[in-house]
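Asker: Supplied in structure tokens, the structure appears directly below.
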Amino acid sequence: MADTSGSPNTRSVERVALASPDPVARRLEELKALFPMAATDGQLDWDKLRALSGEAVASGPERYGLSWAGKSDALKALRQTTTATLRPTVAESEKWDRTGHAIIEGDNLEVLKVLQHAYHGRVKVIYIDPPYNTGGEFIYPDDYSQGLASYQRFTRQVNEEGHRLTTNLDKSGRYHSRWLTMMYPRLYLARNLLREDGVIFVSIDDHEVHNLRHLLDEIFGEECFVAQVIVQSNKRGQTYKEVAKTHEYLLIYSRNPDVALNELEKSEAALPYADSKGSFDLWELRNRNPKFGRFNRPNLFFPIYVDAAALDENGYAKISLQRSAAMDVEVFPLNSEGVEGCWRWSREKIAAADLTSATPELVARQRKDGGWNIYEKSRKTTTKVKSIWAETGFISEQGTVELGELGLGAVFEHPKPVQLVQRCLRIASGPEDIVLDFFAGSGTTAQAVFELNREDGGDRKFVLVQLPEPTGRKDFPTIAEITKERVRRVIRRLEGARANGDRAGDLGFKLFKLAPSNFSIWDPALAATEPEQLTAQWERSADHVRADADGDALLYELMLKSGLTLSSRVDRADVAGDAVYRLDEGRLVICLSREMTRERFGALIALRPRSILCLDIGFKGNDALKMNAQLECRSHGIQFRTA
Ligand SMILES: C[S@@+](CC[C@H](N)C(=O)[O-])C[C@H]1O[C@@H](n2cnc3c(N)ncnc32)[C@H](O)[C@@H]1O
């Protein structure tokens, strides 16, 4: 089972608990940290909290917050249990046995529910590019009361009729409401999957950016807002409008308020100077912030002396804190109007900077007006990401060009540029992290992960979710077909590069399809989104195997329900003629035998796992055999479960 002892919620509670000495205030802070979506204007909204727990609550008319027609339906959607699982589809996968990447075909609401337990608190970066609600776009027709059944109906209709089923037309009175109702439960479930230091990036434009910010504020908490980045998506602009719009947005929220982002590598041009130690930039030592000056930082106001007569090959002079015959030019931190400011460094820090070295880190340079500026040589090669992304690589057209290079230019509209997703990954992911995109489209995120791994030797794993949305095309009847084909073509290309000696890493993907659970008894009345509840629910309900369930399908369903991700390593062993799977570094053994015997069970125990999971039907109602297995396990300190 997944380790929930250090679950994100518990840890954030610990942190706030330290903050307030008043026990009641502390409890309230804890509740706010656990349920940021139930806090309004910094106060806990009890009605919202009750609504989140499934109670029917009449809403009052006057309160700050985002409200729309259908919000309570969206909350209900969260409480609705899924009866689905993910069926492995080896034939459509690439290098099934060797890959940890996953593409999932299905409605992302159901898929996010299926992933709740195994991926809880494990995803470092989520990038999504949902429908922008520009009018007339396809919006999946959620039916909360029968999520999987309506998905199955949807896929059948897609196959039979092959056309778009639902569009959200501007004319419909509930235009924004429908979109919000679609987004709310998905974002809520997505947040559960983020790691403590996880970050979500959402592409959006003017149609819904205001609503999306409200929604993300509600779900993540305003304090987890990181930035609303402006992405220049079009250089010329949409000239048919009064203002030629050239941008869209990228909203960034973190799972917790104090999450740090990686800095970006500076370009060479950003370090324009060089000495024998290497390249550097010059940063003025005077504090240019007018909030600080001699008036409030008197200890940072003192003279620095310059040796104006001896300049180095770049025209810089040495400095000192003491006046001498050579160091005879006195410099104070004054701004251009002569106002007394202050230095950024204290006397002690300056004195420790080895000012007499051949290449000192602090130098002086004469201005055109004859005065002198004191500079720090900054050799920092990284810089914080800025809030406007205007590089050519982020222009929307670039996404189409990239898809065109793979021979798929005409099959998918508005794919995102690979560099856009890559920048998100650069600033928010490390080399071993899990990246999730549940509006995958053409699969840009997969390409971004493959290429970034190749560049920095990383082993990030992606999980992509894409609906089999009909395209009306014969070659690619659904968008999910396009996703898979793009990823395959990127793999071929990168494999070609590997043949030339390039490193490539994991170039494959496992394909899964949303499908009904392989266990025919499931209690849909039980609502659960928290991992503990899911586990309890699972233990109570999954005790009959569907007749048509094959080994891989059962294995992956049991893995997900045991808290193991789709990229978990599976070691297959043959034990007394039956396939046995060793997982979680041998800690868990899953046996799918339908003919359990004492000898067979003994062989499982001999593998010395912490836990054994068998099919209940394998015992064929032989309670004595099952009891014996239970006792044997207990005597070896092994947990025993049946499914
Ligand atoms: C704007 S596109 C994403 C494009 C993608 N970023 C790219 O670069 O190709 C949004 C995608 O979300 C998919 N989508 C919409 N509703 C969905 C749902 N309920 N489940 C899964 N995918 C869905 C659409 O089919 C569409 O492919």
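Labels used: A, B, ... for chains in the order of the structure tokens, numbers from 1 for residues in each chain, and numbers from 1 for ligands as shown.
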For the strand (DSSP E) assignment from backbone DSSP, which residues of segment 379-541 of chain A qualify? Please present them as a PyMOL selection string.

Answerer: chain A and resi 382-383+388-389+434-437+461-466+510-516

Asker: Would you list the residues that come within 6 Å of ligand 1? Count only C-alpha atoms and all ligand atoms and give the answer as a list of chain:residue names.

Answerer: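 My answer, listing the contacting residues, is A:Gly106, A:Asp107, A:Asn108, A:Asp129, A:Pro130, A:Pro131, A:Ile139, A:Tyr140, A:Pro415, A:Lys416, A:Phe439, A:Ala440, A:Gly441, A:Ser442, A:Gly443, A:Thr444, A:Val465, A:Gln466, A:Leu467, A:Glu469, A:Ile479.
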
Asker: For Pro303 of chain A, which residue among A:Ala274, A:Ile374, A:Leu588, A:Val243 is the nearest when counting only C-alpha atoms?

Answerer: A:Ile374

Asker: When distances are computed from only C-alpha atoms, which of A:Arg87, A:His414, A:His210, A:Lys384 shows the smallest separation from Ala428 of chain A?

Answerer: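 Using only C-alpha atoms, Ala428 of chain A sits closest to A:Lys384.
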
Asker: Residues near Ile612 of chain A, anyone? I mean within 7 Å using only C-alpha atoms, not counting same-chain ones fewer than 2 positions away, as a list of chain:residue names.

Answerer: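 Close residues of Ile612 of chain A: A:Leu588, A:Val589, A:Ile590, A:Pro609, A:Cys614, A:Gln639, A:Phe640, A:Arg641.
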
Asker: With N, CA and C atoms retained, write the just-selected residues as a PDB file, in the first residue's frame.

Answerer:
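Contents of out30.pdb, as written:
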```pdb
ATOM      1  N   LEU A 588       6.086  -6.839  -2.403  1.00  0.00           N
ATOM      2  CA  LEU A 588       4.736  -7.350  -2.672  1.00  0.00           C
ATOM      3  C   LEU A 588       4.815  -8.474  -3.708  1.00  0.00           C
ATOM      4  N   VAL A 589       4.104  -9.574  -3.436  1.00  0.00           N
ATOM      5  CA  VAL A 589       3.998 -10.645  -4.419  1.00  0.00           C
ATOM      6  C   VAL A 589       2.528 -10.779  -4.785  1.00  0.00           C
ATOM      7  N   ILE A 590       2.251 -10.704  -6.092  1.00  0.00           N
ATOM      8  CA  ILE A 590       0.870 -10.906  -6.557  1.00  0.00           C
ATOM      9  C   ILE A 590       0.823 -12.235  -7.298  1.00  0.00           C
ATOM     10  N   PRO A 609       8.263 -12.011   0.793  1.00  0.00           N
ATOM     11  CA  PRO A 609       7.772 -10.628   0.614  1.00  0.00           C
ATOM     12  C   PRO A 609       7.220 -10.096   1.933  1.00  0.00           C
ATOM     13  N   CYS A 614      -3.450 -12.612  -3.431  1.00  0.00           N
ATOM     14  CA  CYS A 614      -3.881 -13.712  -4.308  1.00  0.00           C
ATOM     15  C   CYS A 614      -5.327 -13.497  -4.748  1.00  0.00           C
ATOM     16  N   GLN A 639       1.934  -9.974   5.404  1.00  0.00           N
ATOM     17  CA  GLN A 639       0.521  -9.600   5.298  1.00  0.00           C
ATOM     18  C   GLN A 639      -0.107 -10.416   4.166  1.00  0.00           C
ATOM     19  N   PHE A 640      -1.316 -10.923   4.393  1.00  0.00           N
ATOM     20  CA  PHE A 640      -1.962 -11.748   3.363  1.00  0.00           C
ATOM     21  C   PHE A 640      -3.302 -11.118   2.979  1.00  0.00           C
ATOM     22  N   ARG A 641      -3.501 -10.927   1.674  1.00  0.00           N
ATOM     23  CA  ARG A 641      -4.780 -10.384   1.216  1.00  0.00           C
ATOM     24  C   ARG A 641      -5.263 -11.189   0.020  1.00  0.00           C
TER      25      ARG A 641
END
```

Asker: Taking 6 positions as the minimum chain separation for residues in the same chain, which residues sit within 12 Å of Asn622 of chain A when counting only C-alpha atoms? Answer as a ChimeraX atom specification.

Answerer: /A:595-598,616,628-629

Asker: Pull all heavy atoms from the residues just selected and write them as a PDB file, in the first residue's frame.

Answerer:
```
ATOM      1  N   GLU A 595      -5.817 -21.808  -9.211  1.00  0.00           N
ATOM      2  CA  GLU A 595      -5.731 -23.168  -8.651  1.00  0.00           C
ATOM      3  C   GLU A 595      -4.733 -23.148  -7.506  1.00  0.00           C
ATOM      4  O   GLU A 595      -3.622 -23.654  -7.638  1.00  0.00           O
ATOM      5  CB  GLU A 595      -5.188 -24.145  -9.716  1.00  0.00           C
ATOM      6  CG  GLU A 595      -6.053 -24.351 -10.930  1.00  0.00           C
ATOM      7  CD  GLU A 595      -7.088 -25.440 -10.728  1.00  0.00           C
ATOM      8  OE1 GLU A 595      -7.023 -26.129  -9.694  1.00  0.00           O
ATOM      9  OE2 GLU A 595      -7.971 -25.566 -11.591  1.00  0.00           O
ATOM     10  N   MET A 596      -5.096 -22.548  -6.412  1.00  0.00           N
ATOM     11  CA  MET A 596      -4.127 -22.432  -5.316  1.00  0.00           C
ATOM     12  C   MET A 596      -3.993 -23.765  -4.580  1.00  0.00           C
ATOM     13  O   MET A 596      -4.987 -24.466  -4.366  1.00  0.00           O
ATOM     14  CB  MET A 596      -4.575 -21.325  -4.355  1.00  0.00           C
ATOM     15  CG  MET A 596      -3.544 -20.972  -3.313  1.00  0.00           C
ATOM     16  SD  MET A 596      -1.910 -20.608  -4.011  1.00  0.00           S
ATOM     17  CE  MET A 596      -2.164 -18.974  -4.670  1.00  0.00           C
ATOM     18  N   THR A 597      -2.752 -24.125  -4.261  1.00  0.00           N
ATOM     19  CA  THR A 597      -2.489 -25.334  -3.470  1.00  0.00           C
ATOM     20  C   THR A 597      -1.540 -24.949  -2.341  1.00  0.00           C
ATOM     21  O   THR A 597      -0.926 -23.886  -2.369  1.00  0.00           O
ATOM     22  CB  THR A 597      -1.790 -26.418  -4.322  1.00  0.00           C
ATOM     23  OG1 THR A 597      -0.548 -25.875  -4.772  1.00  0.00           O
ATOM     24  CG2 THR A 597      -2.630 -26.857  -5.491  1.00  0.00           C
ATOM     25  N   ARG A 598      -1.382 -25.867  -1.368  1.00  0.00           N
ATOM     26  CA  ARG A 598      -0.463 -25.600  -0.235  1.00  0.00           C
ATOM     27  C   ARG A 598       0.950 -25.393  -0.734  1.00  0.00           C
ATOM     28  O   ARG A 598       1.679 -24.500  -0.292  1.00  0.00           O
ATOM     29  CB  ARG A 598      -0.472 -26.802   0.713  1.00  0.00           C
ATOM     30  CG  ARG A 598      -1.258 -26.512   1.971  1.00  0.00           C
ATOM     31  CD  ARG A 598      -1.043 -27.606   2.944  1.00  0.00           C
ATOM     32  NE  ARG A 598      -0.263 -27.098   4.057  1.00  0.00           N
ATOM     33  CZ  ARG A 598      -0.464 -27.441   5.299  1.00  0.00           C
ATOM     34  NH1 ARG A 598      -1.400 -28.301   5.587  1.00  0.00           N
ATOM     35  NH2 ARG A 598       0.267 -26.960   6.255  1.00  0.00           N
ATOM     36  N   ASP A 616      -9.025 -14.548  -4.770  1.00  0.00           N
ATOM     37  CA  ASP A 616      -9.866 -15.326  -3.865  1.00  0.00           C
ATOM     38  C   ASP A 616     -10.377 -16.593  -4.558  1.00  0.00           C
ATOM     39  O   ASP A 616     -10.429 -17.672  -3.955  1.00  0.00           O
ATOM     40  CB  ASP A 616     -11.033 -14.454  -3.403  1.00  0.00           C
ATOM     41  CG  ASP A 616     -11.658 -15.009  -2.153  1.00  0.00           C
ATOM     42  OD1 ASP A 616     -10.943 -15.146  -1.147  1.00  0.00           O
ATOM     43  OD2 ASP A 616     -12.857 -15.346  -2.210  1.00  0.00           O
ATOM     44  N   ASN A 628      -5.221 -21.731   6.367  1.00  0.00           N
ATOM     45  CA  ASN A 628      -3.852 -22.196   6.518  1.00  0.00           C
ATOM     46  C   ASN A 628      -2.862 -21.168   5.932  1.00  0.00           C
ATOM     47  O   ASN A 628      -1.825 -20.864   6.535  1.00  0.00           O
ATOM     48  CB  ASN A 628      -3.709 -23.547   5.800  1.00  0.00           C
ATOM     49  CG  ASN A 628      -2.433 -24.216   6.233  1.00  0.00           C
ATOM     50  OD1 ASN A 628      -1.393 -23.934   5.667  1.00  0.00           O
ATOM     51  ND2 ASN A 628      -2.510 -25.064   7.264  1.00  0.00           N
ATOM     52  N   ALA A 629      -3.234 -20.654   4.771  1.00  0.00           N
ATOM     53  CA  ALA A 629      -2.378 -19.633   4.128  1.00  0.00           C
ATOM     54  C   ALA A 629      -2.235 -18.428   5.046  1.00  0.00           C
ATOM     55  O   ALA A 629      -1.141 -17.879   5.238  1.00  0.00           O
ATOM     56  CB  ALA A 629      -2.986 -19.227   2.788  1.00  0.00           C
TER      57      ALA A 629
END
```
